[in-house]
Each structure stands twice: as structure tokens, then as C-alpha cells.
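What follows is work.cif (mmCIF, C-alpha atoms).
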```
data_target
#
loop_
_atom_site.label_atom_id
_atom_site.label_comp_id
_atom_site.auth_asym_id
_atom_site.auth_seq_id
_atom_site.Cartn_x
_atom_site.Cartn_y
_atom_site.Cartn_z
CA MET B 1 14.22 -15.23 -15.04
CA TYR B 2 12.36 -12.68 -12.95
CA LYS B 3 12.02 -9.24 -14.53
CA LEU B 4 10.03 -7.24 -11.97
CA LEU B 5 10.31 -6.87 -8.19
CA VAL B 6 7.33 -5.25 -6.46
CA LEU B 7 7.79 -4.08 -2.89
CA ASP B 8 5.37 -3.03 -0.20
CA LEU B 9 6.62 -0.08 1.84
CA ASP B 10 5.55 -0.18 5.49
CA GLY B 11 6.81 -3.24 7.31
CA THR B 12 8.66 -4.43 4.21
CA LEU B 13 11.01 -1.65 3.14
CA ILE B 14 10.55 0.70 6.09
CA GLY B 15 9.66 0.52 9.77
CA LEU B 16 8.35 3.20 12.10
CA ASP B 17 11.63 5.08 11.66
CA LEU B 18 10.67 5.48 7.97
CA THR B 19 14.17 4.64 6.73
CA ILE B 20 15.40 2.11 4.17
CA SER B 21 18.54 0.28 5.28
CA ASP B 22 21.77 0.79 3.34
CA LYS B 23 21.97 -2.96 2.65
CA THR B 24 18.52 -3.03 1.10
CA LYS B 25 19.13 0.14 -0.92
CA SER B 26 22.36 -1.34 -2.26
CA ALA B 27 20.68 -4.61 -3.28
CA ILE B 28 17.88 -2.73 -5.07
CA ALA B 29 20.38 -0.45 -6.82
CA GLN B 30 22.26 -3.49 -8.11
CA LEU B 31 19.06 -4.96 -9.55
CA ILE B 32 18.13 -1.71 -11.30
CA SER B 33 21.65 -1.35 -12.71
CA ARG B 34 21.27 -4.81 -14.29
CA GLY B 35 17.95 -4.08 -15.94
CA ILE B 36 15.54 -5.56 -13.40
CA ILE B 37 12.50 -3.33 -12.89
CA VAL B 38 11.77 -2.45 -9.27
CA THR B 39 8.65 -0.64 -8.10
CA ILE B 40 6.51 0.03 -5.04
CA ALA B 41 2.96 -1.07 -4.19
CA THR B 42 1.62 0.73 -1.14
CA GLY B 43 -1.50 1.91 0.58
CA ARG B 44 0.14 5.31 0.96
CA MET B 45 -0.82 8.43 -0.92
CA PHE B 46 1.31 9.31 -3.92
CA GLN B 47 2.81 12.34 -2.17
CA SER B 48 3.75 10.08 0.75
CA ALA B 49 5.22 7.29 -1.43
CA ARG B 50 7.04 9.42 -3.98
CA PRO B 51 10.02 10.34 -1.74
CA PHE B 52 10.80 6.64 -1.26
CA ALA B 53 10.60 6.03 -5.01
CA ARG B 54 13.05 8.88 -5.53
CA GLU B 55 15.36 7.55 -2.82
CA LEU B 56 15.49 4.20 -4.63
CA ASN B 57 15.80 5.80 -8.10
CA ILE B 58 12.56 4.17 -9.23
CA ASP B 59 11.31 5.75 -12.45
CA VAL B 60 8.60 3.26 -13.45
CA PRO B 61 4.97 3.72 -12.33
CA ILE B 62 4.24 3.04 -8.67
CA ILE B 63 1.04 1.62 -7.15
CA CYS B 64 -0.55 3.82 -4.47
CA TYR B 65 -3.74 3.93 -2.40
CA GLU B 66 -4.04 0.12 -2.24
CA GLY B 67 -4.16 -0.03 -6.03
CA ALA B 68 -6.69 2.77 -6.52
CA MET B 69 -4.04 4.82 -8.29
CA ILE B 70 -1.02 4.11 -10.48
CA VAL B 71 1.26 7.11 -10.94
CA ASP B 72 4.47 7.94 -12.78
CA PRO B 73 6.84 9.03 -9.97
CA THR B 74 8.85 11.24 -12.32
CA SER B 75 6.11 13.24 -14.04
CA ALA B 76 3.33 12.68 -11.44
CA GLU B 77 1.05 11.65 -14.32
CA VAL B 78 -1.88 9.57 -13.06
CA LEU B 79 -2.11 6.46 -15.22
CA TRP B 80 -4.99 4.77 -13.37
CA HIS B 81 -7.51 6.04 -10.84
CA LYS B 82 -10.50 4.19 -9.43
CA PRO B 83 -12.15 6.21 -6.61
CA VAL B 84 -14.70 5.08 -4.02
CA PRO B 85 -18.35 5.62 -5.09
CA LEU B 86 -19.59 8.71 -3.24
CA ASP B 87 -22.67 7.13 -1.68
CA LEU B 88 -20.64 4.24 -0.26
CA ALA B 89 -17.92 6.57 1.02
CA ARG B 90 -20.52 8.61 2.88
CA ARG B 91 -22.00 5.45 4.42
CA VAL B 92 -18.55 4.37 5.66
CA ILE B 93 -18.03 7.77 7.26
CA GLU B 94 -21.42 7.51 8.99
CA ILE B 95 -20.62 4.02 10.33
CA ALA B 96 -17.20 5.11 11.57
CA ALA B 97 -18.73 8.15 13.28
CA SER B 98 -21.29 5.96 15.02
CA HIS B 99 -18.36 4.01 16.49
CA ARG B 100 -16.50 7.24 17.37
CA LEU B 101 -13.66 6.37 15.02
CA HIS B 102 -11.47 8.82 13.11
CA VAL B 103 -11.64 8.84 9.29
CA ASN B 104 -9.08 10.06 6.75
CA THR B 105 -10.47 11.10 3.38
CA TYR B 106 -8.32 11.50 0.26
CA LEU B 107 -9.07 13.82 -2.64
CA ASP B 108 -6.63 15.02 -5.32
CA ASP B 109 -3.75 13.43 -3.38
CA GLU B 110 -4.52 15.53 -0.31
CA LEU B 111 -5.57 14.32 3.14
CA TYR B 112 -8.77 15.69 4.71
CA VAL B 113 -9.99 15.10 8.28
CA ASP B 114 -12.72 16.53 10.45
CA SER B 115 -10.17 17.81 12.97
CA VAL B 116 -6.47 17.40 13.66
CA ASN B 117 -6.80 15.14 16.69
CA GLU B 118 -4.44 12.56 18.17
CA ARG B 119 -5.31 9.95 15.56
CA ALA B 120 -4.89 12.37 12.67
CA ALA B 121 -1.52 13.31 14.12
CA LEU B 122 -0.52 9.63 14.36
CA TYR B 123 -1.28 9.06 10.69
CA SER B 124 0.39 12.32 9.69
CA SER B 125 3.60 11.37 11.49
CA ILE B 126 3.78 8.04 9.68
CA ALA B 127 2.73 9.30 6.24
CA ARG B 128 4.66 12.58 6.51
CA VAL B 129 1.76 14.55 5.09
CA THR B 130 -0.13 17.54 6.45
CA PRO B 131 -3.83 16.91 7.17
CA ASN B 132 -6.43 19.49 6.15
CA ALA B 133 -9.12 19.99 8.83
CA VAL B 134 -12.54 20.63 7.24
CA GLY B 135 -15.03 20.03 10.05
CA ASN B 136 -17.84 17.59 9.32
CA LEU B 137 -16.61 15.25 6.58
CA LEU B 138 -20.13 14.54 5.36
CA ASP B 139 -20.68 18.25 4.75
CA PHE B 140 -17.31 18.48 3.01
CA LEU B 141 -17.36 15.40 0.81
CA ASN B 142 -19.16 16.08 -2.49
CA ARG B 143 -16.90 14.09 -4.84
CA GLU B 144 -15.69 10.51 -5.00
CA PRO B 145 -12.62 10.11 -2.76
CA THR B 146 -9.65 8.03 -3.85
CA LYS B 147 -9.66 6.15 -0.55
CA LEU B 148 -10.76 6.27 3.09
CA VAL B 149 -8.78 5.12 6.12
CA ILE B 150 -10.28 4.53 9.55
CA VAL B 151 -7.77 5.03 12.36
CA GLY B 152 -8.18 3.42 15.77
CA ASP B 153 -6.76 1.07 18.35
CA PRO B 154 -5.99 -2.46 17.06
CA ASP B 155 -9.07 -3.98 18.71
CA GLU B 156 -11.29 -1.25 17.27
CA ILE B 157 -9.80 -1.75 13.82
CA ASP B 158 -10.30 -5.52 13.97
CA SER B 159 -13.94 -4.92 14.84
CA ILE B 160 -14.68 -2.24 12.22
CA ASN B 161 -12.76 -4.20 9.58
CA ASP B 162 -14.99 -7.24 10.14
CA LEU B 163 -18.13 -5.08 10.25
CA LEU B 164 -17.38 -3.26 7.00
CA LYS B 165 -16.42 -6.49 5.21
CA GLU B 166 -19.80 -7.94 6.20
CA GLN B 167 -21.85 -4.86 5.30
CA PHE B 168 -20.07 -4.03 2.04
CA ASP B 169 -19.25 -7.54 0.87
CA GLY B 170 -18.30 -7.24 -2.79
CA SER B 171 -19.14 -3.54 -3.04
CA LEU B 172 -16.02 -2.16 -1.34
CA TYR B 173 -12.42 -3.25 -0.82
CA VAL B 174 -11.73 -3.42 2.94
CA ALA B 175 -8.39 -4.45 4.46
CA LYS B 176 -6.05 -3.70 7.34
CA SER B 177 -2.62 -2.26 6.68
CA TYR B 178 -1.07 -1.24 9.98
CA PRO B 179 -2.87 -2.82 12.97
CA PHE B 180 -4.46 0.60 13.62
CA PHE B 181 -5.53 1.39 10.02
CA CYS B 182 -8.55 0.01 8.13
CA GLU B 183 -8.35 0.87 4.42
CA ILE B 184 -11.42 1.29 2.22
CA ALA B 185 -11.26 1.54 -1.58
CA HIS B 186 -13.24 0.77 -4.74
CA PRO B 187 -14.06 -2.97 -4.92
CA GLU B 188 -11.91 -3.42 -8.03
CA CYS B 189 -8.92 -1.96 -6.21
CA ASN B 190 -6.25 -4.05 -4.60
CA LYS B 191 -2.54 -4.35 -5.13
CA GLY B 192 -2.97 -7.54 -7.16
CA ASN B 193 -5.33 -5.98 -9.71
CA ALA B 194 -3.13 -2.90 -10.00
CA LEU B 195 -0.08 -5.10 -10.48
CA ALA B 196 -1.84 -6.97 -13.28
CA MET B 197 -2.52 -3.66 -15.05
CA LEU B 198 1.02 -2.44 -14.51
CA THR B 199 2.64 -5.59 -15.86
CA GLN B 200 0.41 -5.46 -18.94
CA ARG B 201 1.64 -1.92 -19.51
CA LEU B 202 5.26 -3.02 -19.05
CA GLY B 203 4.89 -6.16 -21.19
CA ILE B 204 5.84 -8.51 -18.36
CA ASP B 205 4.20 -11.88 -17.62
CA ARG B 206 3.02 -12.61 -14.09
CA SER B 207 5.43 -15.57 -13.94
CA GLU B 208 8.26 -13.03 -14.18
CA VAL B 209 7.11 -11.05 -11.12
CA VAL B 210 8.30 -11.25 -7.50
CA ALA B 211 6.17 -9.50 -4.85
CA ILE B 212 7.16 -8.97 -1.21
CA GLY B 213 4.84 -7.85 1.59
CA ASP B 214 3.94 -8.21 5.25
CA ASN B 215 0.30 -7.21 5.84
CA PRO B 216 -3.15 -8.47 4.74
CA ASN B 217 -3.34 -5.78 2.05
CA ASP B 218 -0.36 -7.48 0.35
CA VAL B 219 -1.94 -10.92 -0.02
CA ASN B 220 -3.61 -10.24 -3.38
CA MET B 221 -0.42 -9.12 -5.09
CA MET B 222 1.62 -11.93 -3.53
CA ARG B 223 -0.85 -14.53 -4.80
CA TRP B 224 -0.99 -12.90 -8.25
CA ALA B 225 2.79 -12.71 -8.70
CA GLY B 226 4.85 -15.61 -9.99
CA LEU B 227 6.64 -15.62 -6.63
CA GLY B 228 5.09 -14.23 -3.46
CA ILE B 229 7.41 -13.60 -0.53
CA ALA B 230 6.35 -12.75 3.03
CA MET B 231 8.44 -10.88 5.55
CA ALA B 232 9.13 -12.83 8.75
CA ASN B 233 7.48 -9.95 10.62
CA GLY B 234 4.35 -10.41 8.50
CA THR B 235 0.94 -11.53 9.69
CA ASP B 236 -0.04 -15.19 9.68
CA ASP B 237 -2.34 -14.88 6.67
CA VAL B 238 0.45 -13.24 4.66
CA LYS B 239 2.84 -16.05 5.53
CA GLU B 240 0.22 -18.66 4.58
CA ALA B 241 -0.20 -16.99 1.16
CA ALA B 242 3.55 -16.84 0.52
CA ASP B 243 5.70 -19.15 -1.58
CA TRP B 244 8.67 -18.29 0.61
CA ILE B 245 9.33 -16.40 3.86
CA THR B 246 12.33 -14.11 4.09
CA GLY B 247 13.91 -12.44 7.13
CA ASP B 248 12.22 -9.68 9.04
CA LEU B 249 12.69 -5.96 8.56
CA ALA B 250 15.54 -5.74 11.05
CA GLU B 251 17.30 -8.58 9.20
CA ASP B 252 17.02 -6.83 5.81
CA GLY B 253 14.51 -9.38 4.57
CA VAL B 254 14.16 -7.66 1.19
CA ALA B 255 17.92 -7.83 0.62
CA GLN B 256 17.89 -11.51 1.65
CA ALA B 257 15.17 -12.25 -0.91
CA ILE B 258 17.05 -10.39 -3.63
CA GLU B 259 20.22 -12.34 -2.88
CA LYS B 260 18.33 -15.66 -3.05
CA PHE B 261 16.14 -15.17 -6.12
CA PHE B 262 18.17 -12.71 -8.19
CA SER B 263 21.62 -14.08 -7.42
CA THR B 264 22.47 -14.65 -11.09
CA MET B 265 21.83 -10.95 -11.73
CA LEU B 266 24.16 -9.87 -8.93
CA ASN B 267 27.23 -11.80 -10.05
#
```
Kindly present the structure from the file in C-alpha cells form.
Amino acid sequence: MYKLLVLDLDGTLIGLDLTISDKTKSAIAQLISRGIIVTIATGRMFQSARPFARELNIDVPIICYEGAMIVDPTSAEVLWHKPVPLDLARRVIEIAASHRLHVNTYLDDELYVDSVNERAALYSSIARVTPNAVGNLLDFLNREPTKLVIVGDPDEIDSINDLLKEQFDGSLYVAKSYPFFCEIAHPECNKGNALAMLTQRLGIDRSEVVAIGDNPNDVNMMRWAGLGIAMANGTDDVKEAADWITGDLAEDGVAQAIEKFFSTMLN
């Protein structure tokens, strides 16, 4: 019997309209009412993810910042935090600047940018957070950030993602989330590692975990979980890592997966 359902947010629970369908909300509510634990694992900041946790009545810790932070959504207590080493964060900012790419920097669950340009506005509209413009990020950054995100066109992000993976192999976590976001975190951070820590805290075995995602940053947690499920709208590498593929976002793929693998809990 599965005891924990872990859900990615963007592309899994929500689309660009940032809404969770009534069918999916109902299916999740039924699971919670029957004692199944449901939580979120996202690249989003805590302040960006918390409203969705509240909407779903999730009161167990949620995984944020690609696994760099685990936070209690009720009390906002930080249970785990693994920031990016300062020297490596500054090198990433320098490389991004040399390619004329925009960088988001995260400190104390706040978003900092050099200026509020078109790319900062794009991220802000999706994350529903207000960016803080600080001028030169290298002059501003004097502490280890929780995470960095490079924002660009899909081709630019493919290129910088490959470049950073090559240059920081093993010393930084680098992955795409949206096609126009490249996420950078501490090398020990990914959703799979964070999920392992969370399940240990909850006293749940990995065989009792179902994880659903759609983007490359979900692969680690899908492979770690007892059952990894890919959304039909997911990338090819996510589908290859999955044990099963559910419907896409428009088809309420999360609700479909719940109906298939938790059917005994819903009757």
C-alpha cells in the first residue's frame, strides 16, 4: 500500500494559468481524508509554493528550491537548508553575465535580480513573487544563496545548461525546469535526496512512495520513489525514467494516477 504521494507543481499540478483543476483537487482531498500523505516537491521558492499547499490543505513539510529547502507550510519552519557555496554562485553569475543571460538569486526566501527586465518580469508572473532589484549581483551577493536560476530563451537555456554541467560536474546541481529556466543548487540538492530525508522524518519506506513529475528536475525523485509516474506532457527523459505514464495536464493526469494506484483508498 502506498502511503505518500509527492507531486511536482509546474506542468504536473498547474499550467501557465497557475490553477489546479477541480477534479485533481477532489482526488487529492479524498486521499488526505483517508490518511494518505500528500506533499509537493518543486523548484519554486517557499513563498511561491506555499499558496498551493494551502489550497490543497497540505500540512506536512514541502520540498522547495529543487530540494535545497524543506519547510513546514503551516509554521514556515525551515527543516532543511543547503545553500549554494558562495564562490561557486559568484562564478555562475559571471558565466551567465558573459552570455548576457538574466540571473535570479534567492536569499531568505526573497528574489533578487540586477534589474526588473523582461525576463525578471516573466519569472515574476509565473512565480507570483515580487523581484528586488539590487544592481550588480556580484556587488550584492555576500552570503550563500539558496538557489540561482538563469532565465533565457529555450535554445540559450539548453546551451548554458550543458555548459554549466560540464564546468561544474559534481560540484553543483544543474537542471532545467521550464524550457526557459536553468536551475542551480548545491550538489547534494535534488528532489530525490530531499524526498529521502522527508520520508525518513515521516517514517515511510521508499517502496511506499509515489512521485509524479514532468521535467528533468523530477527524474531523481521519480527514480527514488517506489513508483515514478511521468505526465504525458513530460519530456522524453522523464518518460524514460518513469514506471508508468499518466495523462497530460489538460487530462487531469494526476487525478488519473490517483484513481489507478490508490483506487482501494477511494472506495
Subject >> Selected residue, from B:Pro51, B:Pro131, B:Gly67, B:Gly170, that lies nearest to Leu198 of chain B when counting only C-alpha atoms >> reply: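 Among the listed residues, the smallest separation from Leu198 of chain B belongs to B:Gly67.
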Original post:
Within 12 Å of Leu163 of chain B, counting only C-alpha atoms, which residues qualify if same-chain residues fewer than 2 places away don't, as a list in words?
Top reply: Val92, Ile95, Ala96, His99, Glu156, Ile157, Asp158, Ser159, Ile160, Asn161, Lys165, Glu166, Gln167, Phe168, Asp169, Val174, Ala175 and Cys182 of chain B
**OP:** Please evaluate the PyMOL selection byres ((chain B and resi 17-24) around 8) against the displayed coordinates and give the resulting residues as a PyMOL selection string.
**Re:** chain B and resi 13-16+25-28+126+252+254-255
Original post:
Could you name the residues that touch Ala257 of chain B at 7 Å or less, counting all atoms listed in the file, but leaving out those on the same chain fewer than 4 positions away, as a list of chain:residue names?
Top reply: B:Thr246, B:Gly253, B:Phe261
**OP:** Compile the contact shell of segment 222-226 of chain B as number ranges by chain: residues with an atom at most 12 Å away, counting all atoms listed in the file, same-chain residues fewer than 2 positions apart removed.
**Re:** B: 1-8, 41, 190-199, 204-220, 228-231, 237-245, 261
Subject >> Contacts of segment 102-108 of chain B at 8 Å (all atoms listed in the file; same-chain gap of 6+ positions) as a VMD selection string >> reply: chain B and resid 93 96 114 119 to 120 144 to 152
**OP:** May I have the residues within 9 Å of Gln47 of chain B as a ChimeraX atom specification, using only C-alpha atoms and disregarding those fewer than 6 positions away in the same chain?
**Re:** /B:109-110,127-129
**OP:** Any chance you could resolve the PyMOL selection byres ((chain B and resi 60) around 10) against this file and give the residues as number ranges by chain?
**Re:** B: 37-40, 53, 57-59, 61-63, 71-74, 198, 202
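Distance-wise, atom CA of Leu79 of chain B and atom CA of Gln30 of chain B end up 27.3 Å apart.
Computed from the coordinates, the atom CA of Ala97 of chain B to atom CA of His186 of chain B distance equals 20.2 Å.
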Subject >> Distance criterion (only C-alpha atoms): nearest to Ala49 of chain B out of B:Leu141, B:Ala133, B:Val78, B:Cys64 >> reply: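 Smallest distance to Ala49 of chain B is found for B:Cys64.
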Subject >> Atom-to-atom span, atom CA of Val116 of chain B and atom CA of Gly135 of chain B, Å >> reply: 9.7 Å
Subject >> Residue with smallest distance to Arg44 of chain B - pool B:Glu251, B:Glu94, B:Glu66, B:Asp236, counting all atoms listed in the file >> reply: B:Glu66
Original post:
So which residues fall inside 8 Å of (19.6, -5.9, -7.5) if we count all atoms listed in the file? Mind giving them as JSON, numbers by chain?
Top reply: {"B": [26, 27, 28, 29, 30, 31, 32, 33, 34, 36, 258, 259, 262, 265, 266]}
